[in-house]
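Trainee: Following this message is one structure expressed as structure tokens.
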Amino acid sequence: MAKERVTIQDIADALGISRNTASKALNGSGGIPDETRSKVVKKAIELKYKQFAYMESDSLLPRTPGNIALLTANLPNTSHFGSALISGLEKRISAEGYNLSIHIIRDIELRSLSLPNNFDASNVDGIICIELFDLAYSRVITELGIPTLFIDCGAGVSYPDFEADVLLMENEHSTYSLVKKLIDGGYGSFGFVGDYNHCRSFRERWVGFNRALTDAGIGLNAGQCITGEDRYYGQPGWLDEQLAGMAELPAAFVCANDYLAVNLMKALKNRGVRLPGDVAVCGFDNSQESDIIEPPLTTVHIYRGEMGIKGAEMLLSRIQDPEQPFQVSHIYTKPVIRASTPNIG
């Protein structure tokens, strides 16, 4: 039978102190008496806790570099908001003496709810999850008892039951603002494109879209929306089929991200639809493609690097104080108006 991993709680119980005190002592936080810190470190060495596992001396040696694992089911590419986010994240944690390792969660691991072979939970101080939206697999991660941050998460997450911090870009209000600008610009019918059950950010954009319509007294026309499962959108010809099935196109399409918007624009052009003369299109992300496609795409800018820094700070705070209340934070975003949506400012 495999030996159970030693936890901070084990150290705290052995010394008769709180887990919070033990955590602060191990992470070098202020406010801990030297005598207490010495006892905690010695007990960590004795119990072979993580980075202290191979220390035989009772002397207080400098702490070895920590390890933070990034888990993702879809490694972000250069056009994805996640690449700049990871850069900001890595710079911030490196400044605090942590190394970052990246672990790809494959389909077989998602189905079997198993961890990657190269992931060693006993040698990880914190976990950051990006593009990891499966709720059952998310539970596997949170049940490890390691400080964890999700950057975006599953659409159906219930925060009171989700034992992790969550960081998102602001989605609902920026989408609301964008749709309101379209309404004020004279657009009268709208379609949403994207699977709002795919992730939390898509769900919040869907909510903002619907709230803007409701406040303006405009009814949702489901027949002018494309909300199938996320896996379909990259299939050749699928968007063309969805458009062909519409009795009438809306005046404006609001897409859950730029990738969907760019593919939609191509499908519309395949059908001879003039852009933006016949239909307006907007996206979300402010990706590189959004500024070079013709016409340039109205979108929402995400402060990627700043999100990476904020995510690192949230996780570092959790590592230092594991008992603090969990947080859900949003980083502001900003609508960017371009030629794909004329008559709005």
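The chains in the structure tokens are called A, B, ... from first to last as shown; in each chain the residues are counted from 1, and the ligands are counted from 1 in the order shown.
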So which bits of stretch 150-310 of chain A end up strand (DSSP E) when you DSSP the backbone, as a PyMOL selection string?
Mentor: chain A and resi 150-151+165-169+190-193+252-255+280-282+299-302
Trainee: Need to verify the contact set: A:Glu294, 12 Å, only C-alpha atoms, exclusion of same-chain residues closer than 6 positions in sequence. Can you return it as number ranges by chain?
Mentor: A: 261-262, 265-266, 269, 274-276, 281, 338-341
Trainee: Keeping only C-alpha atoms, write those residues as a PDB file, in the first residue's frame.
Mentor:
ATOM      1  CA  ALA A 261     -16.457  35.091 -35.158  1.00  0.00           C
ATOM      2  CA  VAL A 262     -13.734  34.661 -37.795  1.00  0.00           C
ATOM      3  CA  MET A 265     -17.489  35.547 -41.192  1.00  0.00           C
ATOM      4  CA  LYS A 266     -15.936  33.046 -43.599  1.00  0.00           C
ATOM      5  CA  LYS A 269     -18.982  35.175 -47.153  1.00  0.00           C
ATOM      6  CA  ARG A 274     -21.915  41.217 -47.505  1.00  0.00           C
ATOM      7  CA  LEU A 275     -19.941  42.145 -44.405  1.00  0.00           C
ATOM      8  CA  PRO A 276     -20.738  44.468 -42.842  1.00  0.00           C
ATOM      9  CA  VAL A 281     -20.386  40.517 -36.519  1.00  0.00           C
ATOM     10  CA  ARG A 338     -13.975  48.129 -35.568  1.00  0.00           C
ATOM     11  CA  ALA A 339     -15.445  48.078 -39.065  1.00  0.00           C
ATOM     12  CA  SER A 340     -17.419  44.817 -38.729  1.00  0.00           C
ATOM     13  CA  THR A 341     -20.092  46.741 -36.781  1.00  0.00           C
TER      14      THR A 341
END
Trainee: Pick from A:Ala69, A:Leu260, A:Ile32, A:Ala44: nearest to A:Leu15, with only C-alpha atoms counted?
Mentor: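 With only C-alpha atoms as the atom set, the closest residue is A:Ala44.
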Trainee: Using only C-alpha atoms, can you tell me which of A:His330, A:Arg106, A:His173, A:Lys43 comes closest to A:Gln9?
Mentor: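 That would be A:Lys43, the residue with the smallest distance to A:Gln9.
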Trainee: For stretch 186-190 of chain A, please output as a PDB file with all heavy atoms, in the first residue's frame all residues within 12 Å (counting only C-alpha atoms; exclusion window: fewer than 4 positions along the same chain).
Mentor:
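As written to disk, part_19.pdb reads:
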ATOM      1  N   LEU A 178     -21.468  45.930 -25.242  1.00  0.00           N
ATOM      2  CA  LEU A 178     -21.310  45.803 -26.687  1.00  0.00           C
ATOM      3  C   LEU A 178     -22.668  45.665 -27.375  1.00  0.00           C
ATOM      4  O   LEU A 178     -22.939  46.321 -28.390  1.00  0.00           O
ATOM      5  CB  LEU A 178     -20.423  44.598 -26.992  1.00  0.00           C
ATOM      6  CG  LEU A 178     -19.940  44.413 -28.430  1.00  0.00           C
ATOM      7  CD1 LEU A 178     -19.249  45.672 -28.939  1.00  0.00           C
ATOM      8  CD2 LEU A 178     -19.001  43.228 -28.519  1.00  0.00           C
ATOM      9  N   VAL A 179     -23.531  44.815 -26.817  1.00  0.00           N
ATOM     10  CA  VAL A 179     -24.863  44.627 -27.412  1.00  0.00           C
ATOM     11  C   VAL A 179     -25.679  45.915 -27.304  1.00  0.00           C
ATOM     12  O   VAL A 179     -26.410  46.287 -28.229  1.00  0.00           O
ATOM     13  CB  VAL A 179     -25.597  43.449 -26.742  1.00  0.00           C
ATOM     14  CG1 VAL A 179     -27.016  43.321 -27.290  1.00  0.00           C
ATOM     15  CG2 VAL A 179     -24.832  42.147 -26.969  1.00  0.00           C
ATOM     16  N   LYS A 180     -25.553  46.625 -26.190  1.00  0.00           N
ATOM     17  CA  LYS A 180     -26.284  47.886 -26.034  1.00  0.00           C
ATOM     18  C   LYS A 180     -25.830  48.906 -27.074  1.00  0.00           C
ATOM     19  O   LYS A 180     -26.651  49.663 -27.621  1.00  0.00           O
ATOM     20  CB  LYS A 180     -26.082  48.447 -24.637  1.00  0.00           C
ATOM     21  CG  LYS A 180     -26.967  49.656 -24.323  1.00  0.00           C
ATOM     22  CD  LYS A 180     -26.819  50.111 -22.896  1.00  0.00           C
ATOM     23  CE  LYS A 180     -27.812  51.231 -22.584  1.00  0.00           C
ATOM     24  NZ  LYS A 180     -27.683  52.393 -23.502  1.00  0.00           N
ATOM     25  N   LYS A 181     -24.529  48.946 -27.376  1.00  0.00           N
ATOM     26  CA  LYS A 181     -24.030  49.839 -28.416  1.00  0.00           C
ATOM     27  C   LYS A 181     -24.656  49.479 -29.763  1.00  0.00           C
ATOM     28  O   LYS A 181     -25.001  50.368 -30.563  1.00  0.00           O
ATOM     29  CB  LYS A 181     -22.505  49.742 -28.504  1.00  0.00           C
ATOM     30  CG  LYS A 181     -21.748  50.387 -27.348  1.00  0.00           C
ATOM     31  CD  LYS A 181     -20.243  50.190 -27.513  1.00  0.00           C
ATOM     32  CE  LYS A 181     -19.460  50.765 -26.338  1.00  0.00           C
ATOM     33  NZ  LYS A 181     -19.551  52.228 -26.259  1.00  0.00           N
ATOM     34  N   LEU A 182     -24.789  48.187 -30.027  1.00  0.00           N
ATOM     35  CA  LEU A 182     -25.420  47.747 -31.275  1.00  0.00           C
ATOM     36  C   LEU A 182     -26.883  48.177 -31.330  1.00  0.00           C
ATOM     37  O   LEU A 182     -27.370  48.658 -32.358  1.00  0.00           O
ATOM     38  CB  LEU A 182     -25.304  46.229 -31.413  1.00  0.00           C
ATOM     39  CG  LEU A 182     -23.900  45.666 -31.687  1.00  0.00           C
ATOM     40  CD1 LEU A 182     -23.877  44.163 -31.456  1.00  0.00           C
ATOM     41  CD2 LEU A 182     -23.452  45.994 -33.104  1.00  0.00           C
ATOM     42  N   PHE A 209     -25.426  38.984 -23.044  1.00  0.00           N
ATOM     43  CA  PHE A 209     -26.156  39.125 -24.306  1.00  0.00           C
ATOM     44  C   PHE A 209     -27.662  39.155 -24.061  1.00  0.00           C
ATOM     45  O   PHE A 209     -28.376  40.053 -24.525  1.00  0.00           O
ATOM     46  CB  PHE A 209     -25.772  37.952 -25.216  1.00  0.00           C
ATOM     47  CG  PHE A 209     -26.595  37.802 -26.473  1.00  0.00           C
ATOM     48  CD1 PHE A 209     -26.310  38.562 -27.586  1.00  0.00           C
ATOM     49  CD2 PHE A 209     -27.637  36.884 -26.535  1.00  0.00           C
ATOM     50  CE1 PHE A 209     -27.052  38.424 -28.753  1.00  0.00           C
ATOM     51  CE2 PHE A 209     -28.386  36.735 -27.688  1.00  0.00           C
ATOM     52  CZ  PHE A 209     -28.092  37.507 -28.802  1.00  0.00           C
ATOM     53  N   ASN A 210     -28.151  38.187 -23.305  1.00  0.00           N
ATOM     54  CA  ASN A 210     -29.584  38.106 -23.045  1.00  0.00           C
ATOM     55  C   ASN A 210     -30.093  39.261 -22.186  1.00  0.00           C
ATOM     56  O   ASN A 210     -31.206  39.768 -22.395  1.00  0.00           O
ATOM     57  CB  ASN A 210     -29.923  36.777 -22.371  1.00  0.00           C
ATOM     58  CG  ASN A 210     -29.999  35.625 -23.358  1.00  0.00           C
ATOM     59  OD1 ASN A 210     -31.021  35.408 -23.999  1.00  0.00           O
ATOM     60  ND2 ASN A 210     -28.900  34.894 -23.502  1.00  0.00           N
ATOM     61  N   ALA A 212     -28.965  42.314 -22.099  1.00  0.00           N
ATOM     62  CA  ALA A 212     -29.053  43.515 -22.931  1.00  0.00           C
ATOM     63  C   ALA A 212     -30.332  43.502 -23.776  1.00  0.00           C
ATOM     64  O   ALA A 212     -31.005  44.528 -23.924  1.00  0.00           O
ATOM     65  CB  ALA A 212     -27.823  43.626 -23.821  1.00  0.00           C
ATOM     66  N   LEU A 213     -30.654  42.335 -24.333  1.00  0.00           N
ATOM     67  CA  LEU A 213     -31.884  42.224 -25.121  1.00  0.00           C
ATOM     68  C   LEU A 213     -33.113  42.461 -24.248  1.00  0.00           C
ATOM     69  O   LEU A 213     -34.041  43.194 -24.625  1.00  0.00           O
ATOM     70  CB  LEU A 213     -31.967  40.852 -25.788  1.00  0.00           C
ATOM     71  CG  LEU A 213     -30.895  40.485 -26.823  1.00  0.00           C
ATOM     72  CD1 LEU A 213     -31.245  39.154 -27.491  1.00  0.00           C
ATOM     73  CD2 LEU A 213     -30.725  41.571 -27.866  1.00  0.00           C
ATOM     74  N   THR A 214     -33.134  41.836 -23.075  1.00  0.00           N
ATOM     75  CA  THR A 214     -34.273  41.967 -22.166  1.00  0.00           C
ATOM     76  C   THR A 214     -34.474  43.419 -21.751  1.00  0.00           C
ATOM     77  O   THR A 214     -35.611  43.929 -21.761  1.00  0.00           O
ATOM     78  CB  THR A 214     -34.069  41.096 -20.912  1.00  0.00           C
ATOM     79  OG1 THR A 214     -33.957  39.727 -21.308  1.00  0.00           O
ATOM     80  CG2 THR A 214     -35.218  41.253 -19.938  1.00  0.00           C
ATOM     81  N   ALA A 216     -33.743  46.015 -23.335  1.00  0.00           N
ATOM     82  CA  ALA A 216     -34.184  46.816 -24.480  1.00  0.00           C
ATOM     83  C   ALA A 216     -35.553  46.375 -24.995  1.00  0.00           C
ATOM     84  O   ALA A 216     -36.066  46.963 -25.958  1.00  0.00           O
ATOM     85  CB  ALA A 216     -33.150  46.730 -25.600  1.00  0.00           C
ATOM     86  N   GLY A 217     -36.149  45.361 -24.367  1.00  0.00           N
ATOM     87  CA  GLY A 217     -37.453  44.879 -24.803  1.00  0.00           C
ATOM     88  C   GLY A 217     -37.405  44.090 -26.098  1.00  0.00           C
ATOM     89  O   GLY A 217     -38.402  44.000 -26.818  1.00  0.00           O
ATOM     90  N   ILE A 218     -36.240  43.502 -26.397  1.00  0.00           N
ATOM     91  CA  ILE A 218     -36.078  42.689 -27.610  1.00  0.00           C
ATOM     92  C   ILE A 218     -36.100  41.214 -27.220  1.00  0.00           C
ATOM     93  O   ILE A 218     -35.344  40.780 -26.356  1.00  0.00           O
ATOM     94  CB  ILE A 218     -34.747  43.024 -28.317  1.00  0.00           C
ATOM     95  CG1 ILE A 218     -34.707  44.496 -28.722  1.00  0.00           C
ATOM     96  CG2 ILE A 218     -34.545  42.121 -29.533  1.00  0.00           C
ATOM     97  CD1 ILE A 218     -33.376  44.946 -29.288  1.00  0.00           C
ATOM     98  N   GLY A 219     -36.951  40.450 -27.844  1.00  0.00           N
ATOM     99  CA  GLY A 219     -37.048  39.033 -27.528  1.00  0.00           C
ATOM    100  C   GLY A 219     -35.920  38.229 -28.152  1.00  0.00           C
ATOM    101  O   GLY A 219     -35.419  38.580 -29.228  1.00  0.00           O
ATOM    102  N   LEU A 220     -35.521  37.166 -27.483  1.00  0.00           N
ATOM    103  CA  LEU A 220     -34.505  36.267 -28.026  1.00  0.00           C
ATOM    104  C   LEU A 220     -35.121  35.399 -29.106  1.00  0.00           C
ATOM    105  O   LEU A 220     -36.141  34.734 -28.877  1.00  0.00           O
ATOM    106  CB  LEU A 220     -33.927  35.384 -26.919  1.00  0.00           C
ATOM    107  CG  LEU A 220     -32.946  34.297 -27.374  1.00  0.00           C
ATOM    108  CD1 LEU A 220     -31.648  34.925 -27.879  1.00  0.00           C
ATOM    109  CD2 LEU A 220     -32.660  33.315 -26.242  1.00  0.00           C
ATOM    110  N   ASN A 221     -34.500  35.384 -30.279  1.00  0.00           N
ATOM    111  CA  ASN A 221     -34.938  34.518 -31.372  1.00  0.00           C
ATOM    112  C   ASN A 221     -33.941  33.363 -31.462  1.00  0.00           C
ATOM    113  O   ASN A 221     -32.862  33.499 -32.036  1.00  0.00           O
ATOM    114  CB  ASN A 221     -34.991  35.308 -32.685  1.00  0.00           C
ATOM    115  CG  ASN A 221     -35.546  34.478 -33.836  1.00  0.00           C
ATOM    116  OD1 ASN A 221     -35.601  33.242 -33.760  1.00  0.00           O
ATOM    117  ND2 ASN A 221     -35.958  35.132 -34.902  1.00  0.00           N
ATOM    118  N   ALA A 222     -34.310  32.223 -30.873  1.00  0.00           N
ATOM    119  CA  ALA A 222     -33.406  31.080 -30.847  1.00  0.00           C
ATOM    120  C   ALA A 222     -33.064  30.590 -32.247  1.00  0.00           C
ATOM    121  O   ALA A 222     -31.996  30.010 -32.470  1.00  0.00           O
ATOM    122  CB  ALA A 222     -34.022  29.946 -30.026  1.00  0.00           C
ATOM    123  N   GLY A 223     -33.964  30.837 -33.198  1.00  0.00           N
ATOM    124  CA  GLY A 223     -33.727  30.407 -34.571  1.00  0.00           C
ATOM    125  C   GLY A 223     -32.627  31.184 -35.256  1.00  0.00           C
ATOM    126  O   GLY A 223     -32.157  30.778 -36.325  1.00  0.00           O
ATOM    127  N   GLN A 224     -32.205  32.291 -34.674  1.00  0.00           N
ATOM    128  CA  GLN A 224     -31.118  33.083 -35.234  1.00  0.00           C
ATOM    129  C   GLN A 224     -29.819  32.915 -34.435  1.00  0.00           C
ATOM    130  O   GLN A 224     -28.854  33.639 -34.645  1.00  0.00           O
ATOM    131  CB  GLN A 224     -31.519  34.564 -35.291  1.00  0.00           C
ATOM    132  CG  GLN A 224     -32.643  34.827 -36.301  1.00  0.00           C
ATOM    133  CD  GLN A 224     -33.016  36.287 -36.375  1.00  0.00           C
ATOM    134  OE1 GLN A 224     -33.019  37.001 -35.366  1.00  0.00           O
ATOM    135  NE2 GLN A 224     -33.354  36.745 -37.575  1.00  0.00           N
ATOM    136  N   CYS A 225     -29.815  31.955 -33.509  1.00  0.00           N
ATOM    137  CA  CYS A 225     -28.636  31.664 -32.694  1.00  0.00           C
ATOM    138  C   CYS A 225     -28.030  30.325 -33.099  1.00  0.00           C
ATOM    139  O   CYS A 225     -28.744  29.428 -33.569  1.00  0.00           O
ATOM    140  CB  CYS A 225     -28.997  31.622 -31.209  1.00  0.00           C
ATOM    141  SG  CYS A 225     -29.568  33.199 -30.524  1.00  0.00           S
ATOM    142  N   ILE A 226     -26.722  30.191 -32.907  1.00  0.00           N
ATOM    143  CA  ILE A 226     -26.012  28.935 -33.144  1.00  0.00           C
ATOM    144  C   ILE A 226     -25.340  28.574 -31.825  1.00  0.00           C
ATOM    145  O   ILE A 226     -24.321  29.165 -31.458  1.00  0.00           O
ATOM    146  CB  ILE A 226     -24.974  29.074 -34.272  1.00  0.00           C
ATOM    147  CG1 ILE A 226     -25.650  29.552 -35.565  1.00  0.00           C
ATOM    148  CG2 ILE A 226     -24.259  27.743 -34.506  1.00  0.00           C
ATOM    149  CD1 ILE A 226     -24.670  29.863 -36.695  1.00  0.00           C
ATOM    150  N   GLU A 248     -34.127  33.482 -41.583  1.00  0.00           N
ATOM    151  CA  GLU A 248     -33.693  34.866 -41.803  1.00  0.00           C
ATOM    152  C   GLU A 248     -32.491  35.146 -40.902  1.00  0.00           C
ATOM    153  O   GLU A 248     -32.491  34.784 -39.722  1.00  0.00           O
ATOM    154  CB  GLU A 248     -34.818  35.840 -41.481  1.00  0.00           C
ATOM    155  CG  GLU A 248     -34.474  37.292 -41.735  1.00  0.00           C
ATOM    156  CD  GLU A 248     -35.627  38.232 -41.406  1.00  0.00           C
ATOM    157  OE1 GLU A 248     -36.662  37.736 -40.897  1.00  0.00           O
ATOM    158  OE2 GLU A 248     -35.495  39.450 -41.652  1.00  0.00           O
ATOM    159  N   LEU A 249     -31.464  35.784 -41.470  1.00  0.00           N
ATOM    160  CA  LEU A 249     -30.297  36.130 -40.678  1.00  0.00           C
ATOM    161  C   LEU A 249     -30.605  37.331 -39.774  1.00  0.00           C
ATOM    162  O   LEU A 249     -31.378  38.206 -40.151  1.00  0.00           O
ATOM    163  CB  LEU A 249     -29.114  36.477 -41.583  1.00  0.00           C
ATOM    164  CG  LEU A 249     -28.561  35.363 -42.473  1.00  0.00           C
ATOM    165  CD1 LEU A 249     -27.440  35.918 -43.360  1.00  0.00           C
ATOM    166  CD2 LEU A 249     -28.035  34.198 -41.635  1.00  0.00           C
ATOM    167  N   PRO A 250     -29.996  37.392 -38.592  1.00  0.00           N
ATOM    168  CA  PRO A 250     -30.171  38.564 -37.738  1.00  0.00           C
ATOM    169  C   PRO A 250     -29.394  39.752 -38.301  1.00  0.00           C
ATOM    170  O   PRO A 250     -28.536  39.590 -39.176  1.00  0.00           O
ATOM    171  CB  PRO A 250     -29.588  38.108 -36.400  1.00  0.00           C
ATOM    172  CG  PRO A 250     -28.539  37.115 -36.784  1.00  0.00           C
ATOM    173  CD  PRO A 250     -29.094  36.389 -37.988  1.00  0.00           C
ATOM    174  N   ALA A 251     -29.663  40.925 -37.769  1.00  0.00           N
ATOM    175  CA  ALA A 251     -28.906  42.104 -38.190  1.00  0.00           C
ATOM    176  C   ALA A 251     -27.482  42.050 -37.668  1.00  0.00           C
ATOM    177  O   ALA A 251     -26.561  42.581 -38.289  1.00  0.00           O
ATOM    178  CB  ALA A 251     -29.607  43.373 -37.704  1.00  0.00           C
ATOM    179  N   ALA A 252     -27.291  41.387 -36.516  1.00  0.00           N
ATOM    180  CA  ALA A 252     -25.958  41.308 -35.914  1.00  0.00           C
ATOM    181  C   ALA A 252     -25.767  39.979 -35.202  1.00  0.00           C
ATOM    182  O   ALA A 252     -26.677  39.496 -34.523  1.00  0.00           O
ATOM    183  CB  ALA A 252     -25.734  42.462 -34.934  1.00  0.00           C
ATOM    184  N   PHE A 253     -24.573  39.403 -35.378  1.00  0.00           N
ATOM    185  CA  PHE A 253     -24.178  38.208 -34.638  1.00  0.00           C
ATOM    186  C   PHE A 253     -23.197  38.605 -33.537  1.00  0.00           C
ATOM    187  O   PHE A 253     -22.237  39.340 -33.780  1.00  0.00           O
ATOM    188  CB  PHE A 253     -23.486  37.197 -35.550  1.00  0.00           C
ATOM    189  CG  PHE A 253     -24.421  36.351 -36.375  1.00  0.00           C
ATOM    190  CD1 PHE A 253     -24.521  36.553 -37.752  1.00  0.00           C
ATOM    191  CD2 PHE A 253     -25.172  35.348 -35.781  1.00  0.00           C
ATOM    192  CE1 PHE A 253     -25.363  35.762 -38.525  1.00  0.00           C
ATOM    193  CE2 PHE A 253     -26.016  34.555 -36.541  1.00  0.00           C
ATOM    194  CZ  PHE A 253     -26.127  34.762 -37.915  1.00  0.00           C
ATOM    195  N   VAL A 254     -23.436  38.101 -32.335  1.00  0.00           N
ATOM    196  CA  VAL A 254     -22.516  38.286 -31.217  1.00  0.00           C
ATOM    197  C   VAL A 254     -21.906  36.912 -30.921  1.00  0.00           C
ATOM    198  O   VAL A 254     -22.628  35.984 -30.544  1.00  0.00           O
ATOM    199  CB  VAL A 254     -23.242  38.838 -29.980  1.00  0.00           C
ATOM    200  CG1 VAL A 254     -22.285  38.957 -28.795  1.00  0.00           C
ATOM    201  CG2 VAL A 254     -23.870  40.194 -30.293  1.00  0.00           C
ATOM    202  N   CYS A 255     -20.582  36.791 -31.095  1.00  0.00           N
ATOM    203  CA  CYS A 255     -19.913  35.493 -30.974  1.00  0.00           C
ATOM    204  C   CYS A 255     -19.184  35.378 -29.638  1.00  0.00           C
ATOM    205  O   CYS A 255     -18.669  36.360 -29.111  1.00  0.00           O
ATOM    206  CB  CYS A 255     -18.929  35.297 -32.123  1.00  0.00           C
ATOM    207  SG  CYS A 255     -19.715  35.391 -33.762  1.00  0.00           S
ATOM    208  N   ASP A 278     -24.639  43.575 -45.007  1.00  0.00           N
ATOM    209  CA  ASP A 278     -25.855  42.821 -44.713  1.00  0.00           C
ATOM    210  C   ASP A 278     -25.966  42.423 -43.242  1.00  0.00           C
ATOM    211  O   ASP A 278     -27.060  42.428 -42.672  1.00  0.00           O
ATOM    212  CB  ASP A 278     -25.905  41.553 -45.582  1.00  0.00           C
ATOM    213  CG  ASP A 278     -25.982  41.861 -47.068  1.00  0.00           C
ATOM    214  OD1 ASP A 278     -26.583  42.901 -47.414  1.00  0.00           O
ATOM    215  OD2 ASP A 278     -25.432  41.084 -47.864  1.00  0.00           O
ATOM    216  N   VAL A 279     -24.846  42.025 -42.656  1.00  0.00           N
ATOM    217  CA  VAL A 279     -24.844  41.535 -41.272  1.00  0.00           C
ATOM    218  C   VAL A 279     -23.599  42.061 -40.550  1.00  0.00           C
ATOM    219  O   VAL A 279     -22.512  42.070 -41.121  1.00  0.00           O
ATOM    220  CB  VAL A 279     -24.834  39.985 -41.229  1.00  0.00           C
ATOM    221  CG1 VAL A 279     -24.747  39.482 -39.790  1.00  0.00           C
ATOM    222  CG2 VAL A 279     -26.075  39.415 -41.898  1.00  0.00           C
ATOM    223  N   ALA A 280     -23.777  42.484 -39.305  1.00  0.00           N
ATOM    224  CA  ALA A 280     -22.654  42.882 -38.453  1.00  0.00           C
ATOM    225  C   ALA A 280     -22.216  41.683 -37.621  1.00  0.00           C
ATOM    226  O   ALA A 280     -23.036  40.833 -37.260  1.00  0.00           O
ATOM    227  CB  ALA A 280     -23.055  44.038 -37.549  1.00  0.00           C
ATOM    228  N   VAL A 281     -20.926  41.623 -37.314  1.00  0.00           N
ATOM    229  CA  VAL A 281     -20.386  40.517 -36.519  1.00  0.00           C
ATOM    230  C   VAL A 281     -19.425  41.088 -35.476  1.00  0.00           C
ATOM    231  O   VAL A 281     -18.633  41.983 -35.771  1.00  0.00           O
ATOM    232  CB  VAL A 281     -19.628  39.495 -37.400  1.00  0.00           C
ATOM    233  CG1 VAL A 281     -19.036  38.378 -36.536  1.00  0.00           C
ATOM    234  CG2 VAL A 281     -20.550  38.905 -38.462  1.00  0.00           C
ATOM    235  N   CYS A 282     -19.486  40.554 -34.254  1.00  0.00           N
ATOM    236  CA  CYS A 282     -18.486  40.911 -33.238  1.00  0.00           C
ATOM    237  C   CYS A 282     -18.073  39.666 -32.470  1.00  0.00           C
ATOM    238  O   CYS A 282     -18.794  38.671 -32.427  1.00  0.00           O
ATOM    239  CB  CYS A 282     -19.003  41.998 -32.295  1.00  0.00           C
ATOM    240  SG  CYS A 282     -20.575  41.666 -31.513  1.00  0.00           S
ATOM    241  N   THR A 341     -18.827  46.275 -37.366  1.00  0.00           N
ATOM    242  CA  THR A 341     -20.092  46.741 -36.781  1.00  0.00           C
ATOM    243  C   THR A 341     -20.235  48.245 -37.001  1.00  0.00           C
ATOM    244  O   THR A 341     -19.990  49.035 -36.095  1.00  0.00           O
ATOM    245  CB  THR A 341     -20.165  46.444 -35.271  1.00  0.00           C
ATOM    246  OG1 THR A 341     -19.011  47.028 -34.629  1.00  0.00           O
ATOM    247  CG2 THR A 341     -20.180  44.948 -34.999  1.00  0.00           C
ATOM    248  N   PRO A 342     -20.586  48.676 -38.212  1.00  0.00           N
ATOM    249  CA  PRO A 342     -20.681  50.112 -38.477  1.00  0.00           C
ATOM    250  C   PRO A 342     -21.826  50.757 -37.690  1.00  0.00           C
ATOM    251  O   PRO A 342     -22.708  50.077 -37.191  1.00  0.00           O
ATOM    252  CB  PRO A 342     -20.943  50.182 -39.987  1.00  0.00           C
ATOM    253  CG  PRO A 342     -21.518  48.844 -40.326  1.00  0.00           C
ATOM    254  CD  PRO A 342     -20.902  47.869 -39.398  1.00  0.00           C
ATOM    255  N   ASN A 343     -21.758  52.078 -37.571  1.00  0.00           N
ATOM    256  CA  ASN A 343     -22.804  52.896 -36.945  1.00  0.00           C
ATOM    257  C   ASN A 343     -22.840  52.799 -35.433  1.00  0.00           C
ATOM    258  O   ASN A 343     -23.838  53.164 -34.806  1.00  0.00           O
ATOM    259  CB  ASN A 343     -24.207  52.554 -37.496  1.00  0.00           C
ATOM    260  CG  ASN A 343     -24.279  52.709 -39.003  1.00  0.00           C
ATOM    261  OD1 ASN A 343     -23.676  53.616 -39.577  1.00  0.00           O
ATOM    262  ND2 ASN A 343     -24.991  51.792 -39.643  1.00  0.00           N
ATOM    263  N   ILE A 344     -21.781  52.255 -34.810  1.00  0.00           N
ATOM    264  CA  ILE A 344     -21.736  52.284 -33.363  1.00  0.00           C
ATOM    265  C   ILE A 344     -20.408  52.908 -32.943  1.00  0.00           C
ATOM    266  O   ILE A 344     -19.424  52.877 -33.694  1.00  0.00           O
ATOM    267  CB  ILE A 344     -21.911  50.897 -32.719  1.00  0.00           C
ATOM    268  CG1 ILE A 344     -20.684  50.011 -32.933  1.00  0.00           C
ATOM    269  CG2 ILE A 344     -23.150  50.203 -33.249  1.00  0.00           C
ATOM    270  CD1 ILE A 344     -20.737  48.706 -32.156  1.00  0.00           C
ATOM    271  N   GLY A 345     -20.384  53.475 -31.733  1.00  0.00           N
ATOM    272  CA  GLY A 345     -19.170  54.144 -31.280  1.00  0.00           C
ATOM    273  C   GLY A 345     -18.850  53.810 -29.850  1.00  0.00           C
ATOM    274  O   GLY A 345     -19.527  53.027 -29.228  1.00  0.00           O
TER     275      GLY A 345
END
Trainee: Do you know which residues are at most 9 Å from A:Glu229 counting only C-alpha atoms, after dropping those on the same chain fewer than 5 positions away, and could you put them as a list of chain:residue names?
Mentor: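 Residues meeting the cut-off are A:Gly194, A:Asp195, A:Tyr196, A:Asn197, A:His198.
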Trainee: Would you mind exporting the chosen residues as a short mmCIF file (atom, residue, chain, number, x, y, z; two decimals), in the first residue's frame, restricted to N, CA and C atoms?
Mentor:
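Saved to again.cif:
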data_model
loop_
_atom_site.label_atom_id
_atom_site.label_comp_id
_atom_site.auth_asym_id
_atom_site.auth_seq_id
_atom_site.Cartn_x
_atom_site.Cartn_y
_atom_site.Cartn_z
N GLY A 194 -22.03 30.32 -30.21
CA GLY A 194 -21.13 29.71 -29.24
C GLY A 194 -21.87 28.83 -28.26
N ASP A 195 -21.18 27.83 -27.75
CA ASP A 195 -21.74 26.88 -26.78
C ASP A 195 -21.65 27.47 -25.38
N TYR A 196 -22.76 28.00 -24.87
CA TYR A 196 -22.72 28.65 -23.56
C TYR A 196 -22.58 27.65 -22.41
N ASN A 197 -22.58 26.37 -22.73
CA ASN A 197 -22.30 25.35 -21.71
C ASN A 197 -20.84 24.90 -21.74
N HIS A 198 -20.03 25.52 -22.61
CA HIS A 198 -18.64 25.09 -22.76
C HIS A 198 -17.79 25.48 -21.55
#
Trainee: Neighbouring residues of A:Asp161 were defined as those with any atom within 12 Å, considering only C-alpha atoms; residues of the same chain fewer than 4 positions away were excluded. Please report them as a ChimeraX atom specification.
Mentor: /A:135,138-139,142-143,156-157,165,326
Trainee: Give me, as a list in words, all polymer residues having an atom no more than 7 Å from A:Glu172, counting only C-alpha atoms and skipping those fewer than 6 positions away in the same chain.
Mentor: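 Residues meeting the cut-off are Glu204, Arg205, Val207 and Gly208 of chain A.
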Trainee: DSSP on the backbone: which residues in stretch 86-199 of chain A end up as alpha helix (DSSP H)? Give the answer as a VMD selection string.
Mentor: chain A and resid 86 to 95 107 to 112 135 to 142 172 to 184
